[in-house]
file protein_0.txt (compact mmCIF, C-alpha atoms and all ligand atoms)
# COMPACT_ATOMS: atom_id res chain seq x y z
CA MET A 1 -2.78 -13.72 14.67
CA ALA A 2 -3.23 -10.10 13.53
CA ARG A 3 0.50 -9.54 14.07
CA GLY A 4 1.35 -12.45 11.74
CA ILE A 5 -1.02 -11.21 9.05
CA LEU A 6 0.36 -7.69 9.35
CA GLY A 7 3.94 -8.96 9.12
CA GLY A 8 3.22 -10.96 5.97
CA LEU A 9 1.31 -8.09 4.42
CA SER A 10 4.12 -5.64 5.23
CA ASP A 11 6.69 -7.87 3.53
CA TYR A 12 4.55 -8.35 0.46
CA THR A 13 3.63 -4.66 0.32
CA LYS A 14 7.29 -3.65 0.29
CA TYR A 15 7.99 -6.09 -2.53
CA HIS A 16 4.93 -4.95 -4.47
CA PHE A 17 5.53 -1.20 -4.03
CA ASP A 18 9.20 -1.57 -5.03
CA ARG A 19 8.25 -3.37 -8.24
CA GLU A 20 5.42 -1.01 -9.05
CA GLU A 21 7.53 2.08 -8.43
CA ALA A 22 10.30 0.68 -10.64
CA ILE A 23 7.78 0.34 -13.47
CA PHE A 24 6.41 3.83 -12.84
CA THR A 25 9.94 5.26 -12.81
CA LYS A 26 10.64 3.61 -16.15
CA TYR A 27 7.75 5.62 -17.62
CA HIS A 28 8.94 9.09 -16.67
CA GLY A 29 5.98 10.76 -18.31
CA TYR A 30 3.49 9.48 -15.79
CA GLU A 31 2.30 12.76 -14.27
CA LEU A 32 0.84 11.33 -11.07
CA LYS A 33 3.96 9.42 -10.08
CA ALA A 34 4.89 11.58 -7.06
CA PHE A 35 1.30 11.56 -5.78
CA HIS A 36 1.11 7.80 -6.20
CA PHE A 37 4.41 7.16 -4.44
CA GLU A 38 3.27 9.36 -1.55
CA GLN A 39 0.18 7.18 -1.17
CA HIS A 40 2.47 4.17 -0.87
CA ARG A 41 4.53 5.97 1.80
CA GLN A 42 1.38 6.86 3.77
CA PHE A 43 0.22 3.26 3.62
CA VAL A 44 3.57 2.00 4.92
CA LYS A 45 3.40 4.62 7.69
CA GLN A 46 -0.07 3.42 8.68
CA MET A 47 1.16 -0.19 8.73
CA GLY A 48 3.90 0.91 11.13
CA SER A 49 1.32 2.56 13.33
CA PHE A 50 -0.76 -0.62 13.39
CA GLU A 51 2.33 -2.62 14.30
CA GLU A 52 3.09 -0.29 17.22
CA GLN A 53 -0.47 -0.55 18.48
CA LEU A 54 -0.44 -4.34 18.21
CA ASN A 55 2.85 -4.42 20.11
CA SER A 56 1.17 -2.53 22.93
CA ASN A 57 -1.62 -5.14 22.89
CA ALA A 58 -4.29 -2.76 21.59
CA ASP A 59 -7.29 -4.50 20.06
CA ILE A 60 -7.28 -2.95 16.61
CA SER A 61 -8.23 -5.96 14.51
CA ALA A 62 -11.52 -4.50 13.30
CA GLU A 63 -10.02 -1.06 12.60
CA MET A 64 -7.08 -2.62 10.79
CA ALA A 65 -9.25 -4.94 8.68
CA ALA A 66 -11.52 -2.03 7.67
CA TYR A 67 -8.59 0.22 6.77
CA LEU A 68 -6.73 -2.45 4.81
CA SER A 69 -9.70 -3.64 2.79
CA LYS A 70 -10.82 -0.10 1.99
CA TRP A 71 -7.33 1.20 1.14
CA LEU A 72 -6.25 -1.79 -0.93
CA VAL A 73 -9.44 -1.99 -2.98
CA ARG A 74 -9.52 1.77 -3.61
CA HIS A 75 -5.83 1.98 -4.43
CA ILE A 76 -5.74 -1.00 -6.77
CA MET A 77 -9.07 -0.30 -8.46
CA THR A 78 -8.50 3.42 -8.95
CA GLU A 79 -4.92 4.66 -8.48
CA ASP A 80 -3.09 1.66 -9.91
CA LYS A 81 -5.68 1.23 -12.65
CA VAL A 82 -5.22 4.82 -13.86
CA PHE A 83 -1.55 4.13 -14.48
CA PHE A 84 -1.94 0.73 -16.07
CA ASP A 85 -4.81 1.93 -18.28
CA ALA A 86 -2.58 4.76 -19.52
CA TYR A 87 0.13 2.39 -20.76
CA THR A 88 0.11 -0.70 -22.87
CA PHE A 89 2.89 -3.07 -21.97
FE FE B 1 0.25 1.65 -6.26
call {"tool": "encode", "arguments": {"input": "protein_0.txt", "output": "structure tokens", "more": "lines below"}}
Ligand SMILES: [Fe+2]
result
Amino acid sequence: MARGILGGLSDYTKYHFDREEAIFTKYHGYELKAFHFEQHRQFVKQMGSFEEQLNSNADISAEMAAYLSKWLVRHIMTEDKVFFDAYTF
């Protein structure tokens, strides 16, 4: 089950990050762009690590759920919000 959730989340994350980064790139003046993109890269890297652990049958469901909920809430409510608050579309 965790593998299915992770797979779906990975697909959606790639779609979401690609779209978000395209918007950020359009607004070249956004000073925190490189920092923000690096956070996306680190998240993708962590997802890959979770996938490897799941493939070796490690029980990481609780760790994964804690990381994902904490990272996603913090990123969306702080990092993404800083950018979207700075621009009016
Ligand atoms: Fe973001």
call {"tool": "atom_distance", "arguments": {"input": "protein_0.txt", "atom1": "CA of Ala22 (chain A)", "atom2": "CA of Ala86 (chain A)"}}
result
16.2 Å
call {"tool": "closest_atom_pairs", "arguments": {"input": "protein_0.txt", "of": "chain A", "to": "ligand FE 1 (chain B)", "cutoff": "12 Å", "atoms": "only C-alpha atoms and all ligand atoms", "output": "Markdown table"}}
result
| residue | atom | partner | partner_atom | distance |
| --- | --- | --- | --- | --- |
| A:Thr13 | CA | B:FE1 | FE | 9.7 |
| A:Lys14 | CA | B:FE1 | FE | 11.0 |
| A:Tyr15 | CA | B:FE1 | FE | 11.6 |
| A:His16 | CA | B:FE1 | FE | 8.3 |
| A:Phe17 | CA | B:FE1 | FE | 6.4 |
| A:Asp18 | CA | B:FE1 | FE | 9.6 |
| A:Arg19 | CA | B:FE1 | FE | 9.6 |
| A:Glu20 | CA | B:FE1 | FE | 6.4 |
| A:Glu21 | CA | B:FE1 | FE | 7.6 |
| A:Ala22 | CA | B:FE1 | FE | 11.0 |
| A:Ile23 | CA | B:FE1 | FE | 10.5 |
| A:Phe24 | CA | B:FE1 | FE | 9.3 |
| A:Leu32 | CA | B:FE1 | FE | 10.8 |
| A:Lys33 | CA | B:FE1 | FE | 9.4 |
| A:Ala34 | CA | B:FE1 | FE | 11.0 |
| A:Phe35 | CA | B:FE1 | FE | 10.0 |
| A:His36 | CA | B:FE1 | FE | 6.2 |
| A:Phe37 | CA | B:FE1 | FE | 7.1 |
| A:Glu38 | CA | B:FE1 | FE | 9.5 |
| A:Gln39 | CA | B:FE1 | FE | 7.5 |
| A:His40 | CA | B:FE1 | FE | 6.4 |
| A:Arg41 | CA | B:FE1 | FE | 10.1 |
| A:Gln42 | CA | B:FE1 | FE | 11.4 |
| A:Phe43 | CA | B:FE1 | FE | 10.0 |
| A:Val44 | CA | B:FE1 | FE | 11.7 |
| A:Trp71 | CA | B:FE1 | FE | 10.6 |
| A:Leu72 | CA | B:FE1 | FE | 9.1 |
| A:Val73 | CA | B:FE1 | FE | 10.9 |
| A:Arg74 | CA | B:FE1 | FE | 10.1 |
| A:His75 | CA | B:FE1 | FE | 6.4 |
| A:Ile76 | CA | B:FE1 | FE | 6.6 |
| A:Met77 | CA | B:FE1 | FE | 9.8 |
| A:Thr78 | CA | B:FE1 | FE | 9.3 |
| A:Glu79 | CA | B:FE1 | FE | 6.4 |
| A:Asp80 | CA | B:FE1 | FE | 4.9 |
| A:Lys81 | CA | B:FE1 | FE | 8.7 |
| A:Val82 | CA | B:FE1 | FE | 9.9 |
| A:Phe83 | CA | B:FE1 | FE | 8.8 |
| A:Phe84 | CA | B:FE1 | FE | 10.1 |
call {"tool": "write_last_selection", "arguments": {"input": "protein_0.txt", "atoms": "C-alpha atoms", "output": "mmCIF file, in the coordinates of the input"}}
result
data_model
loop_
_atom_site.group_PDB
_atom_site.id
_atom_site.type_symbol
_atom_site.label_atom_id
_atom_site.label_comp_id
_atom_site.auth_asym_id
_atom_site.auth_seq_id
_atom_site.Cartn_x
_atom_site.Cartn_y
_atom_site.Cartn_z
ATOM 1 C CA THR A 13 3.630 -4.660 0.320
ATOM 2 C CA LYS A 14 7.290 -3.650 0.290
ATOM 3 C CA TYR A 15 7.990 -6.090 -2.530
ATOM 4 C CA HIS A 16 4.930 -4.950 -4.470
ATOM 5 C CA PHE A 17 5.530 -1.200 -4.030
ATOM 6 C CA ASP A 18 9.200 -1.570 -5.030
ATOM 7 C CA ARG A 19 8.250 -3.370 -8.240
ATOM 8 C CA GLU A 20 5.420 -1.010 -9.050
ATOM 9 C CA GLU A 21 7.530 2.080 -8.430
ATOM 10 C CA ALA A 22 10.300 0.680 -10.640
ATOM 11 C CA ILE A 23 7.780 0.340 -13.470
ATOM 12 C CA PHE A 24 6.410 3.830 -12.840
ATOM 13 C CA LEU A 32 0.840 11.330 -11.070
ATOM 14 C CA LYS A 33 3.960 9.420 -10.080
ATOM 15 C CA ALA A 34 4.890 11.580 -7.060
ATOM 16 C CA PHE A 35 1.300 11.560 -5.780
ATOM 17 C CA HIS A 36 1.110 7.800 -6.200
ATOM 18 C CA PHE A 37 4.410 7.160 -4.440
ATOM 19 C CA GLU A 38 3.270 9.360 -1.550
ATOM 20 C CA GLN A 39 0.180 7.180 -1.170
ATOM 21 C CA HIS A 40 2.470 4.170 -0.870
ATOM 22 C CA ARG A 41 4.530 5.970 1.800
ATOM 23 C CA GLN A 42 1.380 6.860 3.770
ATOM 24 C CA PHE A 43 0.220 3.260 3.620
ATOM 25 C CA VAL A 44 3.570 2.000 4.920
ATOM 26 C CA TRP A 71 -7.330 1.200 1.140
ATOM 27 C CA LEU A 72 -6.250 -1.790 -0.930
ATOM 28 C CA VAL A 73 -9.440 -1.990 -2.980
ATOM 29 C CA ARG A 74 -9.520 1.770 -3.610
ATOM 30 C CA HIS A 75 -5.830 1.980 -4.430
ATOM 31 C CA ILE A 76 -5.740 -1.000 -6.770
ATOM 32 C CA MET A 77 -9.070 -0.300 -8.460
ATOM 33 C CA THR A 78 -8.500 3.420 -8.950
ATOM 34 C CA GLU A 79 -4.920 4.660 -8.480
ATOM 35 C CA ASP A 80 -3.090 1.660 -9.910
ATOM 36 C CA LYS A 81 -5.680 1.230 -12.650
ATOM 37 C CA VAL A 82 -5.220 4.820 -13.860
ATOM 38 C CA PHE A 83 -1.550 4.130 -14.480
ATOM 39 C CA PHE A 84 -1.940 0.730 -16.070
#
call {"tool": "residues_near_point", "arguments": {"input": "protein_0.txt", "point": "(-7.3, -2.3, 14.3)", "cutoff": "12 Å", "atoms": "all atoms listed in the file", "output": "MDAnalysis selection string"}}
result
chainID A and resid 2:3 6 46:47 49:55 57:69
call {"tool": "axis_aligned_box", "arguments": {"input": "protein_0.txt", "around": "region 67-76 of chain A", "padding_each_side": "3 Å", "output": "JSON"}}
result
{"center_x": -8.3, "center_y": -0.8, "center_z": 0.0, "size_x": 11.1, "size_y": 11.6, "size_z": 19.5}
call {"tool": "atom_distance", "arguments": {"input": "protein_0.txt", "atom1": "CA of Ser56 (chain A)", "atom2": "CA of Asp11 (chain A)"}}
result
20.9 Å
